[in-house]
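As provided, start_4.cif (mmCIF, C-alpha atoms) reads as follows.
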```cif
data_my_file
loop_
_atom_site.group_PDB
_atom_site.id
_atom_site.type_symbol
_atom_site.label_atom_id
_atom_site.label_comp_id
_atom_site.auth_asym_id
_atom_site.auth_seq_id
_atom_site.Cartn_x
_atom_site.Cartn_y
_atom_site.Cartn_z
ATOM 1 C CA MET A 29 114.603 113.556 116.845
ATOM 2 C CA MET A 30 112.687 113.003 120.071
ATOM 3 C CA LEU A 31 114.101 112.000 123.428
ATOM 4 C CA ALA A 32 113.886 108.334 124.363
ATOM 5 C CA TYR A 33 115.666 106.060 126.805
ATOM 6 C CA ALA A 34 117.741 102.945 126.178
ATOM 7 C CA LYS A 35 118.894 100.214 128.541
ATOM 8 C CA THR A 36 122.536 100.227 129.541
ATOM 9 C CA ALA A 37 124.464 96.972 129.889
ATOM 10 C CA LYS A 38 123.483 96.984 133.565
ATOM 11 C CA GLY A 39 119.817 97.450 132.583
ATOM 12 C CA VAL A 40 119.904 94.551 130.134
ATOM 13 C CA ALA A 41 121.551 92.362 132.773
ATOM 14 C CA GLU A 42 118.905 93.338 135.330
ATOM 15 C CA VAL A 43 116.072 92.370 132.984
ATOM 16 C CA GLU A 44 117.678 88.988 132.398
ATOM 17 C CA THR A 45 118.816 88.166 135.945
ATOM 18 C CA ARG A 46 116.691 90.258 138.348
ATOM 19 C CA ALA A 47 119.852 90.534 140.446
ATOM 20 C CA ASP A 48 118.990 93.913 141.999
ATOM 21 C CA ARG A 49 115.363 92.966 142.687
ATOM 22 C CA LEU A 50 113.831 96.203 141.424
ATOM 23 C CA LYS A 51 110.335 97.111 142.547
ATOM 24 C CA PRO A 52 107.716 95.785 140.091
ATOM 25 C CA ALA A 53 106.831 99.245 138.757
ATOM 26 C CA LEU A 54 110.496 100.064 138.091
ATOM 27 C CA ARG A 55 111.107 96.689 136.470
ATOM 28 C CA ARG A 56 108.040 97.110 134.259
ATOM 29 C CA LEU A 57 109.304 100.511 133.095
ATOM 30 C CA LEU A 58 112.807 99.118 132.551
ATOM 31 C CA ILE A 59 111.386 96.349 130.363
ATOM 32 C CA MET A 60 109.440 98.877 128.264
ATOM 33 C CA VAL A 61 112.481 101.084 127.663
ATOM 34 C CA ASP A 62 113.919 100.142 124.279
ATOM 35 C CA GLY A 63 115.648 103.218 122.843
ATOM 36 C CA LYS A 64 112.812 103.647 120.342
ATOM 37 C CA LYS A 65 109.775 104.740 122.330
ATOM 38 C CA PRO A 66 109.656 108.501 122.975
ATOM 39 C CA LEU A 67 108.837 109.740 126.461
ATOM 40 C CA GLU A 68 105.196 110.406 125.508
ATOM 41 C CA ILE A 69 104.725 106.785 124.449
ATOM 42 C CA LEU A 70 106.264 105.546 127.705
ATOM 43 C CA LYS A 71 103.843 107.791 129.608
ATOM 44 C CA SER A 72 100.897 106.264 127.761
ATOM 45 C CA LEU A 73 102.160 102.733 128.393
ATOM 46 C CA ILE A 74 102.656 103.345 132.091
ATOM 47 C CA GLY A 75 99.347 105.169 132.264
ATOM 48 C CA SER A 76 100.774 107.966 134.326
ATOM 49 C CA ASP A 77 102.162 111.447 133.821
ATOM 50 C CA THR A 78 104.323 111.000 136.921
ATOM 51 C CA ILE A 79 106.956 109.005 135.112
ATOM 52 C CA GLU A 80 109.820 111.380 135.878
ATOM 53 C CA GLU A 81 110.602 109.932 139.327
ATOM 54 C CA PRO A 82 110.879 106.285 138.184
ATOM 55 C CA LEU A 83 112.889 107.378 135.137
ATOM 56 C CA THR A 84 115.248 109.327 137.388
ATOM 57 C CA GLN A 85 115.654 106.281 139.648
ATOM 58 C CA LEU A 86 116.537 104.091 136.666
ATOM 59 C CA ILE A 87 118.970 106.693 135.291
ATOM 60 C CA ASP A 88 120.612 107.237 138.688
ATOM 61 C CA GLY A 89 120.878 103.463 139.137
ATOM 62 C CA GLY A 90 122.674 103.169 135.808
ATOM 63 C CA TYR A 91 119.957 101.028 134.199
ATOM 64 C CA ILE A 92 118.962 103.412 131.391
ATOM 65 C CA GLU A 93 120.339 106.427 129.560
ATOM 66 C CA PRO A 94 118.755 109.134 127.387
ATOM 67 C CA VAL A 95 119.085 108.704 123.620
ATOM 68 C CA GLU A 96 117.375 110.087 120.524
ATOM 69 C CA ALA A 97 114.235 108.117 119.665
ATOM 70 C CA ALA A 98 114.664 105.836 116.696
ATOM 71 C CA ASN A 99 111.007 106.104 115.721
ATOM 72 C CA ASP A 100 110.702 109.858 115.504
ATOM 73 C CA PRO A 101 107.107 110.683 114.448
ATOM 74 C CA ALA A 102 108.561 112.981 111.803
ATOM 75 C CA SER A 103 110.059 109.949 110.092
ATOM 76 C CA PRO A 104 107.782 108.901 107.224
ATOM 77 C CA GLN A 105 108.652 105.228 107.643
ATOM 78 C CA THR A 106 107.415 104.872 111.217
ATOM 79 C CA ALA A 107 104.784 107.564 111.675
ATOM 80 C CA PRO A 108 101.738 105.551 110.485
ATOM 81 C CA ALA A 109 102.503 102.500 112.632
ATOM 82 C CA ALA A 110 103.263 104.577 115.722
ATOM 83 C CA ALA A 111 100.134 106.665 115.287
ATOM 84 C CA GLN A 112 97.910 103.618 114.788
ATOM 85 C CA SER A 113 99.446 101.659 117.654
ATOM 86 C CA PHE A 114 99.102 104.267 120.354
ATOM 87 C CA ASP A 115 96.529 106.904 119.419
ATOM 88 C CA LEU A 116 93.132 106.046 120.846
ATOM 89 C CA ALA A 117 91.880 109.474 119.755
ATOM 90 C CA SER A 118 92.126 108.359 116.120
ATOM 91 C CA LEU A 119 89.453 105.697 116.649
ATOM 92 C CA PRO A 120 85.869 106.446 115.590
ATOM 93 C CA GLU A 121 83.490 107.423 118.380
ATOM 94 C CA THR A 122 80.886 104.854 117.409
ATOM 95 C CA ARG A 123 81.286 101.325 116.117
ATOM 96 C CA ASP A 124 79.039 98.419 115.259
ATOM 97 C CA PRO A 125 77.835 96.721 118.480
ATOM 98 C CA LYS A 126 79.240 93.427 117.164
ATOM 99 C CA ALA A 127 82.683 95.064 117.110
ATOM 100 C CA LEU A 128 82.402 95.624 120.873
ATOM 101 C CA ASP A 129 82.022 91.878 121.447
ATOM 102 C CA LYS A 130 84.941 91.215 119.101
ATOM 103 C CA ALA A 131 87.123 93.768 120.902
ATOM 104 C CA ARG A 132 86.261 92.348 124.341
ATOM 105 C CA ASN A 133 86.917 88.791 123.151
ATOM 106 C CA PHE A 134 90.187 89.786 121.482
ATOM 107 C CA MET A 135 91.503 91.502 124.631
ATOM 108 C CA ILE A 136 90.482 88.613 126.880
ATOM 109 C CA ASN A 137 91.788 85.926 124.517
ATOM 110 C CA THR A 138 95.171 87.631 124.110
ATOM 111 C CA LEU A 139 95.486 88.011 127.891
ATOM 112 C CA LYS A 140 94.710 84.306 128.330
ATOM 113 C CA HIS A 141 97.018 83.266 125.489
ATOM 114 C CA PHE A 142 100.060 85.236 126.635
ATOM 115 C CA HIS A 143 99.534 85.072 130.418
ATOM 116 C CA GLY A 144 97.452 81.966 131.048
ATOM 117 C CA PRO A 145 93.815 81.626 132.062
ATOM 118 C CA TYR A 146 94.285 82.447 135.751
ATOM 119 C CA THR A 147 96.434 85.575 135.691
ATOM 120 C CA LYS A 148 95.195 89.044 134.834
ATOM 121 C CA LEU A 149 91.706 88.008 136.004
ATOM 122 C CA ASP A 150 90.826 91.476 137.315
ATOM 123 C CA LEU A 151 91.556 93.049 133.952
ATOM 124 C CA MET A 152 89.661 90.287 132.133
ATOM 125 C CA ARG A 153 86.630 90.933 134.350
ATOM 126 C CA GLN A 154 86.818 94.687 133.731
ATOM 127 C CA VAL A 155 87.085 94.142 129.976
ATOM 128 C CA GLN A 156 84.154 91.707 130.016
ATOM 129 C CA ALA A 157 82.033 94.164 132.025
ATOM 130 C CA SER A 158 82.641 97.037 129.595
ATOM 131 C CA GLU A 159 79.326 98.082 128.079
ATOM 132 C CA SER A 160 80.617 100.509 125.446
ATOM 133 C CA HIS A 161 83.625 101.095 123.263
ATOM 134 C CA ALA A 162 84.473 104.199 125.298
ATOM 135 C CA GLU A 163 84.492 102.169 128.512
ATOM 136 C CA LEU A 164 86.525 99.376 126.909
ATOM 137 C CA ARG A 165 89.082 101.886 125.623
ATOM 138 C CA THR A 166 89.804 102.931 129.210
ATOM 139 C CA HIS A 167 91.323 99.463 129.706
ATOM 140 C CA TYR A 168 93.606 99.681 126.661
ATOM 141 C CA ALA A 169 96.603 101.020 128.629
ATOM 142 C CA ASP A 170 96.345 98.134 131.111
ATOM 143 C CA TRP A 171 96.006 95.604 128.280
ATOM 144 C CA LEU A 172 99.007 97.128 126.510
ATOM 145 C CA ARG A 173 101.065 97.020 129.708
ATOM 146 C CA CYS A 174 100.233 93.309 130.041
ATOM 147 C CA MET A 175 101.268 92.669 126.447
ATOM 148 C CA HIS A 176 104.616 94.325 127.185
ATOM 149 C CA GLU A 177 105.103 91.931 130.109
ATOM 150 C CA SER A 178 105.169 88.974 127.702
ATOM 151 C CA ILE A 179 108.148 88.597 125.379
ATOM 152 C CA MET A 180 106.037 86.682 122.864
ATOM 153 C CA ALA A 181 103.277 89.300 122.885
ATOM 154 C CA GLU A 182 105.769 92.128 122.601
ATOM 155 C CA ARG A 183 107.226 90.542 119.466
ATOM 156 C CA ARG A 184 103.775 90.609 117.873
ATOM 157 C CA LEU A 185 102.608 93.892 119.391
ATOM 158 C CA ASP A 186 102.225 95.799 116.113
ATOM 159 C CA GLU A 187 100.046 93.031 114.711
ATOM 160 C CA LEU A 188 98.042 92.713 117.945
ATOM 161 C CA ASN A 189 97.467 96.460 118.123
ATOM 162 C CA ARG A 190 96.354 96.579 114.499
ATOM 163 C CA GLN A 191 93.872 93.733 115.049
ATOM 164 C CA LEU A 192 92.518 95.300 118.216
ATOM 165 C CA PHE A 193 92.222 98.767 116.687
ATOM 166 C CA ASP A 194 90.135 97.290 113.852
ATOM 167 C CA VAL A 195 87.379 96.551 116.378
ATOM 168 C CA LEU A 196 88.141 98.847 119.310
#
```
As a first step, turn the structure in this file into structure tokens.
Amino acid sequence: MMLAYAKTAKGVAEVETRADRLKPALRRLLIMVDGKKPLEILKSLIGSDTIEEPLTQLIDGGYIEPVEAANDPASPQTAPAAAQSFDLASLPETRDPKALDKARNFMINTLKHFHGPYTKLDLMRQVQASESHAELRTHYADWLRCMHESIMAERRLDELNRQLFDVL
């Protein structure tokens, strides 16, 4: 099994109450920690290889603890979903130009639906300005991070990823 991190009781309480007023980056990471995502997936979600320092801060603060990942890629039940949800390299290099419009619209519409029309405007503008699939794919990590910020989006994340990957 692979190494993952799970919230402790203190971590769960912090997500619910914001009592310790964690910095936004630490809070975002704490929210993403679920005991299932391996370290590599967390790195891709955060969009940074320098995840060790924030992880150490959360561990030292008693918010998270290391566990074995529940969705080990070696497990036949979860490997296809995990690979499809997070592996941009598996996408074809070229797609139909109409798929680019669909992908842009899907990303923008999901941002508006889960965050409202006036938040995440910078990301929406960047997505809209993308002139190729390769350029649009550079915004996937930011889109995914935004989806993790919404409880409703996170509940549907597998479905949303599958729909986006069909056109991305």
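Nearest to Pro66 in chain A of all the residues A:Tyr146, A:Glu96, A:Phe193, A:Glu177 is A:Glu96, counting all atoms listed in the file.
Proximity of A:Ser178, A:Thr122, A:Asn133, A:Thr84 to Ser160 in chain A, computed with only C-alpha atoms, is greatest for A:Thr122.
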Quick one: residues within 10 Å of (90.8, 98.9, 129.8) (file frame), counting all atoms listed in the file, please, as a PyMOL selection string. chain A and resi 132+135+151-152+154-156+158+161-172
Applying the PyMOL selection byres ((chain A and resi 40) around 12) to the file I just gave you, which residues come out? Please list them as an MDAnalysis selection string. chainID A and resid 34:39 41:48 55 58:62 90:93
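The smallest atom-to-atom distance between Ile179 in chain A and any of A:Phe142, A:Thr147, A:Leu119, A:Gly63, using all atoms listed in the file, is found for A:Phe142.
Once the PyMOL selection byres ((chain A and resi 79) around 12) is applied to this file, the selection holds Ala53, Leu54, Arg56, Leu57, Leu58, Leu67, Glu68, Ile69, Leu70, Lys71, Ser72, Leu73, Ile74, Gly75, Ser76, Asp77, Thr78, Glu80, Glu81, Pro82, Leu83, Thr84, Gln85 and Leu86 of chain A.
In this structure, CA of Ile136 in chain A sits 13.8 Å away from CA of Arg173 in chain A.
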Residues within 12 Å of (85.8, 92.1, 117.8), counting all atoms listed in the file, listed as a PyMOL selection string: chain A and resi 123-137+161+164+190-196
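The two atoms in question, CA of Lys65 in chain A and CA of Tyr33 in chain A, are spaced 7.5 Å apart.
Distance-wise, CA of Asp115 in chain A and CA of Lys148 in chain A end up 23.6 Å apart.
Each of A:Ala32, A:Leu50, A:Ile87, A:Cys174 was checked against Lys140 in chain A using only C-alpha atoms; the smallest atom-to-atom distance is that of A:Cys174.
Distances to Val95 in chain A were evaluated for A:Leu185, A:Leu31, A:Leu149, A:Leu139 using only C-alpha atoms, and the minimum falls at A:Leu31.
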Kindly add N, CA and C atoms to the incomplete range 160-189 of chain A and provide the output as an mmCIF file, in the frame of the given file.
```cif
data_model
loop_
_atom_site.group_PDB
_atom_site.id
_atom_site.type_symbol
_atom_site.label_atom_id
_atom_site.label_comp_id
_atom_site.auth_asym_id
_atom_site.auth_seq_id
_atom_site.Cartn_x
_atom_site.Cartn_y
_atom_site.Cartn_z
ATOM 1 N N SER A 160 80.496 99.647 126.621
ATOM 2 C CA SER A 160 80.617 100.509 125.446
ATOM 3 C C SER A 160 82.071 100.525 124.989
ATOM 4 N N HIS A 161 82.260 100.978 123.768
ATOM 5 C CA HIS A 161 83.625 101.095 123.263
ATOM 6 C C HIS A 161 84.418 102.090 124.099
ATOM 7 N N ALA A 162 83.778 103.185 124.494
ATOM 8 C CA ALA A 162 84.473 104.199 125.298
ATOM 9 C C ALA A 162 84.955 103.597 126.615
ATOM 10 N N GLU A 163 84.111 102.807 127.254
ATOM 11 C CA GLU A 163 84.492 102.169 128.512
ATOM 12 C C GLU A 163 85.608 101.143 128.287
ATOM 13 N N LEU A 164 85.509 100.380 127.211
ATOM 14 C CA LEU A 164 86.525 99.376 126.909
ATOM 15 C C LEU A 164 87.872 100.033 126.619
ATOM 16 N N ARG A 165 87.844 101.184 125.953
ATOM 17 C CA ARG A 165 89.082 101.886 125.623
ATOM 18 C C ARG A 165 89.828 102.363 126.862
ATOM 19 N N THR A 166 89.123 102.529 127.968
ATOM 20 C CA THR A 166 89.804 102.931 129.210
ATOM 21 C C THR A 166 90.710 101.819 129.733
ATOM 22 N N HIS A 167 90.511 100.596 129.267
ATOM 23 C CA HIS A 167 91.323 99.463 129.706
ATOM 24 C C HIS A 167 92.468 99.155 128.746
ATOM 25 N N TYR A 168 92.562 99.930 127.664
ATOM 26 C CA TYR A 168 93.606 99.681 126.661
ATOM 27 C C TYR A 168 95.006 99.797 127.260
ATOM 28 N N ALA A 169 95.262 100.831 128.059
ATOM 29 C CA ALA A 169 96.603 101.020 128.629
ATOM 30 C C ALA A 169 96.994 99.828 129.503
ATOM 31 N N ASP A 170 96.052 99.307 130.278
ATOM 32 C CA ASP A 170 96.345 98.134 131.111
ATOM 33 C C ASP A 170 96.605 96.901 130.249
ATOM 34 N N TRP A 171 95.798 96.726 129.201
ATOM 35 C CA TRP A 171 96.006 95.604 128.280
ATOM 36 C C TRP A 171 97.380 95.708 127.624
ATOM 37 N N LEU A 172 97.725 96.913 127.177
ATOM 38 C CA LEU A 172 99.007 97.128 126.510
ATOM 39 C C LEU A 172 100.168 96.851 127.465
ATOM 40 N N ARG A 173 100.034 97.281 128.700
ATOM 41 C CA ARG A 173 101.065 97.020 129.708
ATOM 42 C C ARG A 173 101.252 95.508 129.890
ATOM 43 N N CYS A 174 100.153 94.772 129.911
ATOM 44 C CA CYS A 174 100.233 93.309 130.041
ATOM 45 C C CYS A 174 100.911 92.682 128.829
ATOM 46 N N MET A 175 100.633 93.208 127.655
ATOM 47 C CA MET A 175 101.268 92.669 126.447
ATOM 48 C C MET A 175 102.771 92.922 126.484
ATOM 49 N N HIS A 176 103.186 94.035 127.070
ATOM 50 C CA HIS A 176 104.616 94.325 127.185
ATOM 51 C C HIS A 176 105.300 93.419 128.217
ATOM 52 N N GLU A 177 104.533 92.825 129.105
ATOM 53 C CA GLU A 177 105.103 91.931 130.109
ATOM 54 C C GLU A 177 105.440 90.560 129.524
ATOM 55 N N SER A 178 104.923 90.258 128.359
ATOM 56 C CA SER A 178 105.169 88.974 127.702
ATOM 57 C C SER A 178 106.099 89.186 126.514
ATOM 58 N N ILE A 179 107.198 88.472 126.485
ATOM 59 C CA ILE A 179 108.148 88.597 125.379
ATOM 60 C C ILE A 179 107.485 88.199 124.068
ATOM 61 N N MET A 180 106.698 87.142 124.085
ATOM 62 C CA MET A 180 106.037 86.682 122.864
ATOM 63 C C MET A 180 105.004 87.705 122.375
ATOM 64 N N ALA A 181 104.260 88.290 123.282
ATOM 65 C CA ALA A 181 103.277 89.300 122.885
ATOM 66 C C ALA A 181 103.973 90.547 122.368
ATOM 67 N N GLU A 182 105.058 90.926 123.017
ATOM 68 C CA GLU A 182 105.769 92.128 122.601
ATOM 69 C C GLU A 182 106.320 91.972 121.185
ATOM 70 N N ARG A 183 106.737 90.790 120.827
ATOM 71 C CA ARG A 183 107.226 90.542 119.466
ATOM 72 C C ARG A 183 106.133 90.746 118.425
ATOM 73 N N ARG A 184 104.901 90.503 118.806
ATOM 74 C CA ARG A 184 103.775 90.609 117.873
ATOM 75 C C ARG A 184 102.924 91.836 118.144
ATOM 76 N N LEU A 185 103.433 92.787 118.921
ATOM 77 C CA LEU A 185 102.608 93.892 119.391
ATOM 78 C C LEU A 185 102.032 94.741 118.264
ATOM 79 N N ASP A 186 102.777 95.012 117.223
ATOM 80 C CA ASP A 186 102.225 95.799 116.113
ATOM 81 C C ASP A 186 101.017 95.103 115.500
ATOM 82 N N GLU A 187 101.147 93.806 115.280
ATOM 83 C CA GLU A 187 100.046 93.031 114.711
ATOM 84 C C GLU A 187 98.851 92.995 115.669
ATOM 85 N N LEU A 188 99.111 92.763 116.961
ATOM 86 C CA LEU A 188 98.042 92.713 117.945
ATOM 87 C C LEU A 188 97.321 94.046 118.053
ATOM 88 N N ASN A 189 98.072 95.132 118.071
ATOM 89 C CA ASN A 189 97.467 96.460 118.123
ATOM 90 C C ASN A 189 96.606 96.710 116.895
#
```
